[in-house]
>>> print(open('input-v6.cif').read())   # mmCIF, C-alpha atoms and all ligand atoms
data_model
#
loop_
_atom_site.group_PDB
_atom_site.id
_atom_site.type_symbol
_atom_site.label_atom_id
_atom_site.label_comp_id
_atom_site.auth_asym_id
_atom_site.auth_seq_id
_atom_site.Cartn_x
_atom_site.Cartn_y
_atom_site.Cartn_z
ATOM 1 C CA MET A 239 -19.744 -158.317 -22.436
ATOM 2 C CA THR A 240 -20.432 -160.127 -19.173
ATOM 3 C CA ARG A 241 -19.490 -157.199 -16.932
ATOM 4 C CA LYS A 242 -22.273 -154.983 -15.606
ATOM 5 C CA ASP A 243 -20.199 -151.821 -15.043
ATOM 6 C CA LEU A 244 -16.968 -150.037 -15.860
ATOM 7 C CA LEU A 245 -15.770 -148.790 -12.482
ATOM 8 C CA GLY A 246 -12.011 -149.087 -12.925
ATOM 9 C CA LEU A 247 -9.377 -151.005 -14.858
ATOM 10 C CA GLN A 248 -7.547 -152.550 -11.924
ATOM 11 C CA ASP A 249 -9.431 -155.820 -12.355
ATOM 12 C CA TRP A 250 -9.861 -155.744 -16.144
ATOM 13 C CA SER A 251 -8.106 -158.452 -18.138
ATOM 14 C CA ARG A 252 -6.173 -158.003 -21.339
ATOM 15 C CA GLU A 253 -9.078 -159.630 -23.222
ATOM 16 C CA ASP A 254 -11.627 -157.185 -21.726
ATOM 17 C CA ILE A 255 -9.481 -154.199 -22.711
ATOM 18 C CA LEU A 256 -8.743 -155.453 -26.224
ATOM 19 C CA ARG A 257 -12.444 -156.155 -26.778
ATOM 20 C CA VAL A 258 -13.215 -152.470 -26.140
ATOM 21 C CA LEU A 259 -10.329 -151.228 -28.305
ATOM 22 C CA ASP A 260 -11.245 -153.504 -31.208
ATOM 23 C CA THR A 261 -14.926 -152.505 -31.007
ATOM 24 C CA ALA A 262 -13.877 -148.832 -30.925
ATOM 25 C CA VAL A 263 -11.876 -149.282 -34.122
ATOM 26 C CA ARG A 264 -15.040 -150.487 -35.859
ATOM 27 C CA PHE A 265 -16.986 -147.456 -34.583
ATOM 28 C CA ARG A 266 -14.315 -145.025 -35.762
ATOM 29 C CA ALA A 267 -15.475 -145.591 -39.319
ATOM 30 C CA VAL A 268 -19.017 -144.443 -38.396
ATOM 31 C CA ASN A 269 -17.643 -141.132 -37.158
ATOM 32 C CA GLU A 270 -16.037 -140.410 -40.541
ATOM 33 C CA ARG A 271 -19.241 -140.890 -42.556
ATOM 34 C CA ARG A 272 -21.613 -138.199 -43.745
ATOM 35 C CA ILE A 273 -24.428 -139.806 -41.721
ATOM 36 C CA LYS A 274 -22.836 -140.496 -38.347
ATOM 37 C CA LYS A 275 -25.556 -142.472 -36.621
ATOM 38 C CA VAL A 276 -26.157 -146.202 -36.155
ATOM 39 C CA PRO A 277 -29.184 -147.859 -34.507
ATOM 40 C CA PRO A 278 -28.010 -150.302 -31.767
ATOM 41 C CA LEU A 279 -29.173 -148.265 -28.742
ATOM 42 C CA ARG A 280 -32.390 -146.904 -30.220
ATOM 43 C CA GLY A 281 -34.998 -146.384 -27.477
ATOM 44 C CA ARG A 282 -32.439 -146.570 -24.645
ATOM 45 C CA THR A 283 -31.690 -143.683 -22.279
ATOM 46 C CA VAL A 284 -28.210 -142.857 -21.009
ATOM 47 C CA VAL A 285 -27.981 -140.493 -18.027
ATOM 48 C CA LEU A 286 -24.811 -138.424 -17.699
ATOM 49 C CA ALA A 287 -24.431 -137.122 -14.135
ATOM 50 C CA PHE A 288 -21.463 -134.807 -13.619
ATOM 51 C CA PHE A 289 -20.704 -133.604 -10.103
ATOM 52 C CA GLU A 290 -17.359 -132.139 -11.208
ATOM 53 C CA ASP A 291 -16.307 -129.958 -14.140
ATOM 54 C CA SER A 292 -15.753 -131.662 -17.468
ATOM 55 C CA THR A 293 -15.475 -130.704 -21.113
ATOM 56 C CA ARG A 294 -14.134 -133.593 -23.202
ATOM 57 C CA THR A 295 -15.477 -136.496 -21.171
ATOM 58 C CA ARG A 296 -19.011 -135.115 -20.898
ATOM 59 C CA ILE A 297 -19.425 -134.082 -24.516
ATOM 60 C CA SER A 298 -17.845 -137.248 -25.854
ATOM 61 C CA PHE A 299 -20.079 -139.591 -23.789
ATOM 62 C CA ASP A 300 -23.082 -137.480 -24.829
ATOM 63 C CA LEU A 301 -22.182 -137.615 -28.510
ATOM 64 C CA ALA A 302 -21.233 -141.313 -28.282
ATOM 65 C CA ALA A 303 -24.693 -142.185 -26.940
ATOM 66 C CA LYS A 304 -26.386 -140.076 -29.621
ATOM 67 C CA ARG A 305 -24.353 -141.656 -32.431
ATOM 68 C CA LEU A 306 -25.689 -145.026 -31.232
ATOM 69 C CA SER A 307 -29.259 -143.589 -31.353
ATOM 70 C CA ALA A 308 -29.750 -143.498 -27.548
ATOM 71 C CA ASP A 309 -31.404 -140.544 -25.818
ATOM 72 C CA THR A 310 -29.269 -138.694 -23.286
ATOM 73 C CA LEU A 311 -30.144 -136.826 -20.151
ATOM 74 C CA VAL A 312 -27.346 -134.597 -18.934
ATOM 75 C CA PHE A 313 -27.255 -133.614 -15.277
ATOM 76 C CA SER A 314 -24.671 -131.169 -13.894
ATOM 77 C CA SER A 315 -24.443 -130.509 -10.190
ATOM 78 C CA ALA A 316 -23.873 -126.802 -10.884
ATOM 79 C CA GLY A 317 -27.311 -125.221 -10.941
ATOM 80 C CA SER A 318 -28.991 -128.380 -9.546
ATOM 81 C CA SER A 319 -30.442 -129.357 -6.162
ATOM 82 C CA THR A 320 -26.958 -130.596 -5.153
ATOM 83 C CA ALA A 321 -26.344 -126.923 -4.413
ATOM 84 C CA LYS A 322 -29.363 -127.131 -2.060
ATOM 85 C CA GLY A 323 -27.877 -130.057 -0.127
ATOM 86 C CA GLU A 324 -29.415 -133.102 -1.839
ATOM 87 C CA THR A 325 -27.267 -136.228 -1.351
ATOM 88 C CA LEU A 326 -25.784 -138.197 -4.246
ATOM 89 C CA LEU A 327 -27.950 -141.208 -3.407
ATOM 90 C CA ASP A 328 -31.167 -139.165 -3.343
ATOM 91 C CA THR A 329 -30.295 -137.542 -6.652
ATOM 92 C CA ILE A 330 -29.602 -140.926 -8.255
ATOM 93 C CA LYS A 331 -32.805 -142.453 -6.806
ATOM 94 C CA ASN A 332 -34.724 -139.662 -8.524
ATOM 95 C CA LEU A 333 -32.904 -140.252 -11.791
ATOM 96 C CA ASP A 334 -33.628 -144.000 -11.409
ATOM 97 C CA ALA A 335 -37.336 -143.239 -11.133
ATOM 98 C CA MET A 336 -37.147 -142.023 -14.738
ATOM 99 C CA ARG A 337 -35.985 -145.509 -15.795
ATOM 100 C CA PRO A 338 -32.565 -144.917 -17.315
ATOM 101 C CA ASP A 339 -30.686 -147.746 -19.058
ATOM 102 C CA ALA A 340 -27.180 -146.636 -17.972
ATOM 103 C CA LEU A 341 -25.451 -143.992 -15.877
ATOM 104 C CA VAL A 342 -22.187 -142.221 -16.677
ATOM 105 C CA LEU A 343 -21.011 -140.672 -13.403
ATOM 106 C CA ARG A 344 -18.258 -138.217 -12.506
ATOM 107 C CA HIS A 345 -17.878 -137.385 -8.823
ATOM 108 C CA PRO A 346 -15.201 -135.809 -6.588
ATOM 109 C CA ALA A 347 -15.403 -138.700 -4.085
ATOM 110 C CA SER A 348 -13.304 -141.776 -4.876
ATOM 111 C CA GLY A 349 -15.589 -144.830 -4.864
ATOM 112 C CA ALA A 350 -18.848 -142.946 -5.550
ATOM 113 C CA PRO A 351 -19.617 -144.907 -8.766
ATOM 114 C CA HIS A 352 -18.928 -148.206 -6.961
ATOM 115 C CA GLN A 353 -21.534 -147.375 -4.304
ATOM 116 C CA ILE A 354 -24.128 -146.496 -6.919
ATOM 117 C CA ALA A 355 -23.344 -149.566 -9.031
ATOM 118 C CA ARG A 356 -24.025 -151.873 -6.057
ATOM 119 C CA ARG A 357 -27.511 -150.440 -5.480
ATOM 120 C CA PHE A 358 -28.970 -150.139 -8.973
ATOM 121 C CA PRO A 359 -29.504 -152.684 -11.765
ATOM 122 C CA TRP A 360 -28.297 -150.646 -14.763
ATOM 123 C CA PRO A 361 -24.649 -150.311 -15.896
ATOM 124 C CA VAL A 362 -22.556 -147.573 -14.288
ATOM 125 C CA ILE A 363 -19.580 -146.078 -16.139
ATOM 126 C CA ASN A 364 -17.056 -144.224 -14.011
ATOM 127 C CA ALA A 365 -16.206 -140.942 -15.775
ATOM 128 C CA GLY A 366 -13.684 -139.990 -13.081
ATOM 129 C CA ASP A 367 -14.021 -140.506 -9.302
ATOM 130 C CA GLY A 368 -11.805 -138.228 -7.220
ATOM 131 C CA ILE A 369 -8.198 -139.370 -7.373
ATOM 132 C CA ASN A 370 -9.133 -142.997 -7.969
ATOM 133 C CA GLU A 371 -9.788 -143.928 -11.619
ATOM 134 C CA HIS A 372 -10.818 -142.543 -15.002
ATOM 135 C CA PRO A 373 -11.044 -145.772 -16.986
ATOM 136 C CA SER A 374 -12.512 -144.497 -20.267
ATOM 137 C CA GLN A 375 -9.609 -142.037 -20.502
ATOM 138 C CA ALA A 376 -7.070 -144.843 -20.098
ATOM 139 C CA LEU A 377 -8.841 -146.926 -22.755
ATOM 140 C CA LEU A 378 -8.716 -144.060 -25.260
ATOM 141 C CA ASP A 379 -5.071 -143.498 -24.375
ATOM 142 C CA ALA A 380 -4.321 -147.193 -24.896
ATOM 143 C CA LEU A 381 -6.005 -147.086 -28.309
ATOM 144 C CA THR A 382 -4.038 -143.967 -29.296
ATOM 145 C CA LEU A 383 -0.783 -145.584 -28.181
ATOM 146 C CA ARG A 384 -1.578 -148.823 -30.005
ATOM 147 C CA ASP A 385 -2.355 -146.859 -33.205
ATOM 148 C CA HIS A 386 1.026 -145.128 -33.062
ATOM 149 C CA LEU A 387 3.222 -147.884 -31.637
ATOM 150 C CA GLY A 388 1.573 -150.971 -33.150
ATOM 151 C CA THR A 389 1.518 -152.728 -29.791
ATOM 152 C CA LEU A 390 1.941 -151.912 -26.119
ATOM 153 C CA GLU A 391 3.882 -155.124 -25.455
ATOM 154 C CA GLY A 392 7.419 -154.240 -24.361
ATOM 155 C CA ARG A 393 6.979 -150.510 -25.037
ATOM 156 C CA THR A 394 8.097 -147.931 -22.494
ATOM 157 C CA ILE A 395 5.496 -145.316 -21.584
ATOM 158 C CA ALA A 396 6.502 -142.386 -19.352
ATOM 159 C CA ILE A 397 3.921 -140.591 -17.220
ATOM 160 C CA VAL A 398 5.094 -137.193 -15.958
ATOM 161 C CA GLY A 399 3.695 -134.777 -13.379
ATOM 162 C CA ASP A 400 1.157 -135.045 -10.584
ATOM 163 C CA VAL A 401 0.849 -138.823 -10.673
ATOM 164 C CA LEU A 402 -0.292 -139.012 -7.054
ATOM 165 C CA HIS A 403 -3.538 -137.087 -7.584
ATOM 166 C CA SER A 404 -4.177 -138.253 -11.139
ATOM 167 C CA ARG A 405 -7.001 -140.720 -11.756
ATOM 168 C CA VAL A 406 -5.875 -140.660 -15.403
ATOM 169 C CA ALA A 407 -2.441 -141.930 -14.363
ATOM 170 C CA ARG A 408 -3.837 -144.648 -12.089
ATOM 171 C CA SER A 409 -6.166 -146.041 -14.744
ATOM 172 C CA ASN A 410 -3.383 -145.839 -17.311
ATOM 173 C CA ILE A 411 -0.947 -147.659 -15.053
ATOM 174 C CA PHE A 412 -3.443 -150.528 -14.675
ATOM 175 C CA ALA A 413 -4.291 -150.684 -18.401
ATOM 176 C CA LEU A 414 -0.773 -150.256 -19.761
ATOM 177 C CA THR A 415 0.858 -152.785 -17.442
ATOM 178 C CA THR A 416 -1.938 -155.285 -18.218
ATOM 179 C CA LEU A 417 -1.192 -154.782 -21.926
ATOM 180 C CA GLY A 418 2.498 -155.517 -21.342
ATOM 181 C CA ALA A 419 4.037 -152.028 -21.347
ATOM 182 C CA ASN A 420 6.759 -150.820 -18.996
ATOM 183 C CA VAL A 421 5.475 -147.736 -17.205
ATOM 184 C CA VAL A 422 7.963 -145.202 -15.881
ATOM 185 C CA VAL A 423 6.776 -142.247 -13.791
ATOM 186 C CA ALA A 424 8.500 -138.970 -12.956
ATOM 187 C CA GLY A 425 7.503 -135.811 -11.134
ATOM 188 C CA PRO A 426 8.115 -133.683 -8.061
ATOM 189 C CA GLY A 427 8.739 -135.869 -4.991
ATOM 190 C CA THR A 428 5.518 -134.776 -3.281
ATOM 191 C CA LEU A 429 3.389 -135.465 -6.374
ATOM 192 C CA CYS A 430 5.213 -138.571 -7.547
ATOM 193 C CA PRO A 431 6.365 -140.371 -4.391
ATOM 194 C CA PRO A 432 8.387 -143.622 -4.345
ATOM 195 C CA ALA A 433 5.332 -145.428 -2.897
ATOM 196 C CA LEU A 434 3.867 -145.433 -6.423
ATOM 197 C CA ARG A 435 6.217 -148.342 -7.130
ATOM 198 C CA ALA A 436 3.618 -150.524 -5.409
ATOM 199 C CA LEU A 437 1.504 -150.108 -8.568
ATOM 200 C CA GLY A 438 4.159 -151.914 -10.610
ATOM 201 C CA VAL A 439 5.858 -148.885 -12.146
ATOM 202 C CA GLU A 440 9.427 -147.662 -12.178
ATOM 203 C CA ARG A 441 9.842 -144.263 -10.562
ATOM 204 C CA ARG A 442 12.494 -141.773 -11.623
ATOM 205 C CA HIS A 443 12.842 -138.268 -10.325
ATOM 206 C CA ARG A 444 13.517 -135.973 -13.276
ATOM 207 C CA ILE A 445 11.690 -135.658 -16.592
ATOM 208 C CA ASP A 446 15.101 -135.777 -18.312
ATOM 209 C CA ASP A 447 15.614 -139.246 -16.826
ATOM 210 C CA VAL A 448 12.563 -140.667 -18.606
ATOM 211 C CA LEU A 449 12.618 -138.947 -22.018
ATOM 212 C CA PRO A 450 15.462 -140.740 -23.852
ATOM 213 C CA ASP A 451 14.048 -144.272 -23.626
ATOM 214 C CA ALA A 452 10.297 -143.551 -23.780
ATOM 215 C CA ASP A 453 8.167 -144.591 -26.760
ATOM 216 C CA ALA A 454 5.526 -142.135 -25.576
ATOM 217 C CA VAL A 455 5.270 -139.509 -22.857
ATOM 218 C CA MET A 456 1.989 -138.779 -21.115
ATOM 219 C CA MET A 457 2.004 -135.353 -19.499
ATOM 220 C CA LEU A 458 -0.401 -134.672 -16.615
ATOM 221 C CA ARG A 459 -2.049 -131.515 -15.363
ATOM 222 C CA VAL A 460 -1.183 -130.588 -11.773
ATOM 223 C CA GLN A 461 -4.433 -131.234 -9.884
ATOM 224 C CA ARG A 462 -4.436 -127.910 -8.027
ATOM 225 C CA GLU A 463 -7.990 -128.458 -6.842
ATOM 226 C CA ARG A 464 -6.876 -131.653 -5.050
ATOM 227 C CA LEU A 465 -3.681 -130.417 -3.412
ATOM 228 C CA GLY A 466 -5.475 -129.302 -0.254
ATOM 229 C CA GLY A 467 -3.436 -126.129 0.169
ATOM 230 C CA ALA A 468 -0.051 -127.879 -0.173
ATOM 231 C CA MET A 469 2.733 -125.620 -1.351
ATOM 232 C CA LEU A 470 3.600 -125.818 -5.003
ATOM 233 C CA ALA A 471 6.297 -124.111 -6.980
ATOM 234 C CA SER A 472 5.268 -121.337 -9.356
ATOM 235 C CA ALA A 473 4.072 -122.295 -12.822
ATOM 236 C CA GLN A 474 7.386 -121.116 -14.298
ATOM 237 C CA GLU A 475 9.392 -123.203 -11.874
ATOM 238 C CA TYR A 476 7.212 -126.264 -12.516
ATOM 239 C CA ALA A 477 7.632 -125.786 -16.282
ATOM 240 C CA ALA A 478 11.407 -125.503 -15.934
ATOM 241 C CA PHE A 479 11.687 -128.771 -13.995
ATOM 242 C CA TYR A 480 8.810 -130.870 -15.360
ATOM 243 C CA GLY A 481 7.417 -129.147 -18.455
ATOM 244 C CA LEU A 482 7.917 -130.488 -21.978
ATOM 245 C CA ASP A 483 9.397 -127.891 -24.312
ATOM 246 C CA VAL A 484 11.002 -128.167 -27.752
ATOM 247 C CA ALA A 485 14.493 -128.760 -26.349
ATOM 248 C CA ARG A 486 13.231 -131.726 -24.337
ATOM 249 C CA LEU A 487 11.083 -132.985 -27.241
ATOM 250 C CA GLN A 488 14.276 -133.173 -29.320
ATOM 251 C CA ARG A 489 15.821 -135.471 -26.733
ATOM 252 C CA MET A 490 12.999 -137.970 -27.171
ATOM 253 C CA ARG A 491 13.146 -140.878 -29.614
ATOM 254 C CA PRO A 492 12.295 -139.638 -33.126
ATOM 255 C CA ALA A 493 9.054 -141.621 -33.329
ATOM 256 C CA ALA A 494 7.988 -141.051 -29.727
ATOM 257 C CA ILE A 495 4.691 -139.227 -29.223
ATOM 258 C CA VAL A 496 3.238 -136.912 -26.590
ATOM 259 C CA LEU A 497 -0.126 -137.438 -24.887
ATOM 260 C CA HIS A 498 -2.087 -135.209 -22.529
ATOM 261 C CA PRO A 499 -5.650 -135.859 -21.297
ATOM 262 C CA GLY A 500 -6.601 -132.174 -21.325
ATOM 263 C CA PRO A 501 -7.238 -129.571 -20.170
ATOM 264 C CA VAL A 502 -3.715 -128.364 -21.022
ATOM 265 C CA ASN A 503 -2.135 -125.474 -19.159
ATOM 266 C CA ARG A 504 -0.087 -124.094 -22.033
ATOM 267 C CA GLY A 505 3.349 -123.024 -20.896
ATOM 268 C CA VAL A 506 3.177 -125.284 -17.815
ATOM 269 C CA GLU A 507 3.022 -129.019 -18.702
ATOM 270 C CA LEU A 508 3.489 -128.397 -22.433
ATOM 271 C CA SER A 509 5.029 -125.411 -24.170
ATOM 272 C CA PRO A 510 2.691 -124.045 -26.868
ATOM 273 C CA GLU A 511 5.078 -125.298 -29.606
ATOM 274 C CA VAL A 512 4.940 -128.842 -28.229
ATOM 275 C CA ALA A 513 1.152 -128.745 -27.729
ATOM 276 C CA ASP A 514 0.734 -127.802 -31.404
ATOM 277 C CA SER A 515 3.476 -130.039 -32.815
ATOM 278 C CA PRO A 516 2.736 -133.067 -35.013
ATOM 279 C CA ARG A 517 4.317 -135.236 -32.285
ATOM 280 C CA ALA A 518 1.447 -134.320 -29.921
ATOM 281 C CA ALA A 519 -1.412 -136.823 -30.269
ATOM 282 C CA LEU A 520 -3.919 -134.797 -28.242
ATOM 283 C CA LEU A 521 -6.587 -134.589 -30.941
ATOM 284 C CA ASP A 522 -6.120 -138.279 -31.820
ATOM 285 C CA GLN A 523 -6.930 -138.932 -28.169
ATOM 286 C CA VAL A 524 -10.162 -136.954 -28.486
ATOM 287 C CA ARG A 525 -11.126 -138.722 -31.742
ATOM 288 C CA ASN A 526 -10.457 -142.088 -30.137
ATOM 289 C CA GLY A 527 -12.316 -141.007 -26.994
ATOM 290 C CA LEU A 528 -15.559 -140.745 -28.923
ATOM 291 C CA ALA A 529 -15.112 -144.193 -30.497
ATOM 292 C CA VAL A 530 -14.061 -145.823 -27.197
ATOM 293 C CA ARG A 531 -17.121 -144.391 -25.427
ATOM 294 C CA MET A 532 -19.363 -145.658 -28.218
ATOM 295 C CA ALA A 533 -17.779 -149.091 -27.750
ATOM 296 C CA LEU A 534 -18.273 -148.997 -23.971
ATOM 297 C CA LEU A 535 -21.935 -148.004 -24.186
ATOM 298 C CA TYR A 536 -22.532 -150.577 -26.900
ATOM 299 C CA LEU A 537 -20.867 -153.431 -25.007
ATOM 300 C CA LEU A 538 -22.256 -152.624 -21.532
ATOM 301 C CA LEU A 539 -25.793 -151.923 -22.730
ATOM 302 C CA GLY A 540 -25.885 -155.199 -24.610
ATOM 303 C CA GLY A 541 -26.148 -153.651 -28.061
ATOM 304 C CA GLU A 542 -24.098 -156.655 -29.043
ATOM 305 C CA ASP A 543 -26.814 -159.281 -29.494
ATOM 306 C CA GLY A 544 -25.357 -160.660 -32.686
ATOM 307 C CA SER A 545 -28.309 -159.457 -34.772
ATOM 308 C CA ALA A 546 -26.670 -156.429 -36.282
ATOM 309 C CA ASP A 547 -23.229 -155.528 -37.445
ATOM 310 C CA VAL A 548 -21.800 -152.996 -35.051
ATOM 311 C CA ALA A 549 -21.289 -150.256 -37.596
ATOM 312 C CA SER A 550 -24.154 -150.900 -40.013
HETATM 313 C C1 LIG B 1 -8.907 -135.305 -16.698
HETATM 314 C C2 LIG B 1 -9.804 -135.505 -15.512
HETATM 315 O O1 LIG B 1 -10.818 -134.831 -15.352
HETATM 316 O O2 LIG B 1 -9.476 -136.394 -14.764
HETATM 317 N N1 LIG B 1 -9.525 -134.696 -17.776
HETATM 318 C C3 LIG B 1 -10.208 -135.476 -18.666
HETATM 319 O O3 LIG B 1 -11.168 -136.137 -18.338
HETATM 320 N N2 LIG B 1 -9.740 -135.518 -19.919
HETATM 321 C C4 LIG B 1 -7.596 -134.752 -16.398
HETATM 322 C C5 LIG B 1 -7.486 -133.476 -15.631
HETATM 323 O O4 LIG B 1 -8.460 -132.853 -15.248
HETATM 324 O O5 LIG B 1 -6.348 -133.085 -15.402
#
>>> encode(input="input-v6.cif", output="structure tokens", more="lines below")
Ligand code: NCD
Amino acid sequence: MTRKDLLGLQDWSREDILRVLDTAVRFRAVNERRIKKVPPLRGRTVVLAFFEDSTRTRISFDLAAKRLSADTLVFSSAGSSTAKGETLLDTIKNLDAMRPDALVLRHPASGAPHQIARRFPWPVINAGDGINEHPSQALLDALTLRDHLGTLEGRTIAIVGDVLHSRVARSNIFALTTLGANVVVAGPGTLCPPALRALGVERRHRIDDVLPDADAVMMLRVQRERLGGAMLASAQEYAAFYGLDVARLQRMRPAAIVLHPGPVNRGVELSPEVADSPRAALLDQVRNGLAVRMALLYLLLGGEDGSADVAS
């Protein structure tokens, strides 16, 4: 792969995206074996620096690196010198002094990974920057959708909820439109404003307006931590207007699936019955997340030198 970093999907081509998805499919087989480790990144060190909470993204990048035989160094701002006032740049300069081969970075400030990527020679993977992008999430979502729908070309994907503050939604909008899907968004006016149309999506107001013609529905968590004190309806009211329950699931196309990036607020975005239903692809997303992150590390760290089969 000729790119140095994965900062966002806005400028990624269809070929770039498909390369990652196809490589991930080959790595999926490794994760089903009894011995789940392959050698391409042996001797390399991947630093995971998380300045914001994370469960799935952090553990799946960590495990992805280990399955490729890399060493990992996990840094969380909680309990670190960030709490003592150290700047991001100083922290990263110190990590750089330990000679890492790649950095996976999550940070509350939009653009933080871009600033780091400009200053250091090793690949930077954006694991979520503020409200900007979360590209590895969109790639695992695209793989999950392609598995279920065969192709994204001409499919209609609905994204429902707090689209405005969702880096998952932004990265998905870029990836899905690049792959030829029609993206329709819906949510409360303040969290899903008409200005989102500038991203090339169709905006409808109510969840019931998007369900009947969607091939898949991606439900988003309300980003309470990013609302800056703005008023929001109660959880019950939100669920009544924008939550997906069994009655709404039955109004979807029979083969349509439900995605959610996690963490799920049960009873808010998804009713417990929907979260646990066979139509919900949440655990497929997690399984694909591991394979997609293996593919990203492999491609960006140059594991692909032609000397070894990817999954041998
Ligand atoms: C998302 C995130 O952190 O952006 N979670 C994730 O990485 N799967 C979504 C969210 O927090 O709502």
>>> closest_atom_pairs(input="input-v6.cif", of="range 343-383 of chain A", to="range 387-403 of chain A", cutoff="10 Å", atoms="all atoms listed in the file", output="tab-separated table")
residue	atom	partner	partner_atom	distance
A:Gly368	CA	A:His403	CA	8.4
A:Ile369	CA	A:His403	CA	5.2
A:Asn370	CA	A:His403	CA	8.1
A:Ala380	CA	A:Leu390	CA	7.9
A:Leu381	CA	A:Thr389	CA	9.5
A:Thr382	CA	A:Leu387	CA	8.6
A:Leu383	CA	A:Leu387	CA	5.8
>>> write_last_selection(input="input-v6.cif", atoms="C-alpha atoms", output="CSV table (one decimal), in the frame of the given file")
chain,number,residue,atom,x,y,z
A,368,GLY,CA,-11.8,-138.2,-7.2
A,369,ILE,CA,-8.2,-139.4,-7.4
A,370,ASN,CA,-9.1,-143.0,-8.0
A,380,ALA,CA,-4.3,-147.2,-24.9
A,381,LEU,CA,-6.0,-147.1,-28.3
A,382,THR,CA,-4.0,-144.0,-29.3
A,383,LEU,CA,-0.8,-145.6,-28.2
>>> atom_distance(input="input-v6.cif", atom1="CA of Gly366 in chain A", atom2="CA of Leu343 in chain A")
7.4 Å
>>> residues_near_ligand(input="input-v6.cif", ligand="ligand LIG 1 (chain B)", cutoff="9 Å", atoms="all atoms listed in the file", output="short mmCIF file (atom, residue, chain, number, x, y, z; two decimals) with C-alpha atoms, keeping the file's coordinate frame")
data_model
loop_
_atom_site.label_atom_id
_atom_site.label_comp_id
_atom_site.auth_asym_id
_atom_site.auth_seq_id
_atom_site.Cartn_x
_atom_site.Cartn_y
_atom_site.Cartn_z
CA GLU A 290 -17.36 -132.14 -11.21
CA ASP A 291 -16.31 -129.96 -14.14
CA SER A 292 -15.75 -131.66 -17.47
CA THR A 293 -15.48 -130.70 -21.11
CA ARG A 294 -14.13 -133.59 -23.20
CA THR A 295 -15.48 -136.50 -21.17
CA ARG A 296 -19.01 -135.12 -20.90
CA ARG A 344 -18.26 -138.22 -12.51
CA ALA A 365 -16.21 -140.94 -15.78
CA GLY A 366 -13.68 -139.99 -13.08
CA ASP A 367 -14.02 -140.51 -9.30
CA GLY A 368 -11.80 -138.23 -7.22
CA ILE A 369 -8.20 -139.37 -7.37
CA GLU A 371 -9.79 -143.93 -11.62
CA HIS A 372 -10.82 -142.54 -15.00
CA SER A 374 -12.51 -144.50 -20.27
CA GLN A 375 -9.61 -142.04 -20.50
CA SER A 404 -4.18 -138.25 -11.14
CA ARG A 405 -7.00 -140.72 -11.76
CA VAL A 406 -5.88 -140.66 -15.40
CA ALA A 407 -2.44 -141.93 -14.36
CA LEU A 458 -0.40 -134.67 -16.61
CA ARG A 459 -2.05 -131.51 -15.36
CA VAL A 460 -1.18 -130.59 -11.77
CA GLN A 461 -4.43 -131.23 -9.88
CA HIS A 498 -2.09 -135.21 -22.53
CA PRO A 499 -5.65 -135.86 -21.30
CA GLY A 500 -6.60 -132.17 -21.32
CA PRO A 501 -7.24 -129.57 -20.17
CA VAL A 502 -3.72 -128.36 -21.02
CA VAL A 524 -10.16 -136.95 -28.49
#
>>> residues_around(input="input-v6.cif", residues="Leu437 in chain A", least_positions_apart="3", cutoff="8 Å", atoms="all atoms listed in the file", output="list of chain:residue names")
A:Ile411, A:Phe412, A:Leu434
>>> closest_residue(input="input-v6.cif", among="A:Leu534, A:Leu470, A:Ala478, A:Ala494", to="Asp243 in chain A", atoms="all atoms listed in the file")
A:Leu534
>>> residues_near_point(input="input-v6.cif", point="(-17.3, -135.0, -30.2)", cutoff="9 Å", atoms="only C-alpha atoms", output="list of chain:residue names")
A:Arg294, A:Ile297, A:Ser298, A:Phe299, A:Asp300, A:Leu301, A:Ala302, A:Val524, A:Arg525, A:Gly527, A:Leu528
>>> resolve_selection(input="input-v6.cif", expression="the PyMOL selection byres (((chain A and resi 247) around 6) and not hetatm)", output="CSV table (one decimal) with C-alpha atoms, in the frame of the given file")
chain,number,residue,atom,x,y,z
A,246,GLY,CA,-12.0,-149.1,-12.9
A,248,GLN,CA,-7.5,-152.6,-11.9
A,249,ASP,CA,-9.4,-155.8,-12.4
A,250,TRP,CA,-9.9,-155.7,-16.1
A,373,PRO,CA,-11.0,-145.8,-17.0
A,409,SER,CA,-6.2,-146.0,-14.7
A,412,PHE,CA,-3.4,-150.5,-14.7
>>> axis_aligned_box(input="input-v6.cif", around="range 423-442 of chain A", padding_each_side="4 Å", output="AutoDock Vina command-line options")
--center_x 7.0 --center_y -142.8 --center_z -8.3 --size_x 19.0 --size_y 26.2 --size_z 18.9
>>> atom_distance(input="input-v6.cif", atom1="CA of Phe289 in chain A", atom2="CA of Pro351 in chain A")
11.4 Å
>>> closest_residue(input="input-v6.cif", among="A:Phe265, A:Tyr536, A:Phe288, A:Trp360", to="Ser318 in chain A", atoms="all atoms listed in the file")
A:Phe288
>>> closest_residue(input="input-v6.cif", among="A:Glu507, A:Thr310, A:Arg241, A:Arg464", to="Asp254 in chain A", atoms="all atoms listed in the file")
A:Arg241
>>> residues_around(input="input-v6.cif", residues="Ala262 in chain A", least_positions_apart="2", cutoff="8 Å", atoms="only C-alpha atoms", output="PyMOL selection string")
chain A and resi 258-260+264-266+526+529-533
>>> residues_around(input="input-v6.cif", residues="Val422 in chain A", least_positions_apart="5", cutoff="6 Å", atoms="only C-alpha atoms", output="list in words")
Ala396, Val439, Glu440 and Arg441 of chain A
>>> closest_residue(input="input-v6.cif", among="A:Ala376, A:Leu535, A:Val285, A:Val423", to="Ala335 in chain A", atoms="all atoms listed in the file")
A:Val285
>>> atom_distance(input="input-v6.cif", atom1="CA of Gly281 in chain A", atom2="CA of Ala303 in chain A")
11.1 Å
>>> resolve_selection(input="input-v6.cif", expression="the PyMOL selection byres (((chain A and resi 481) around 9) and not hetatm)", output="VMD selection string")
chain A and resid 398 to 399 445 457 476 to 480 482 to 483 486 505 to 509
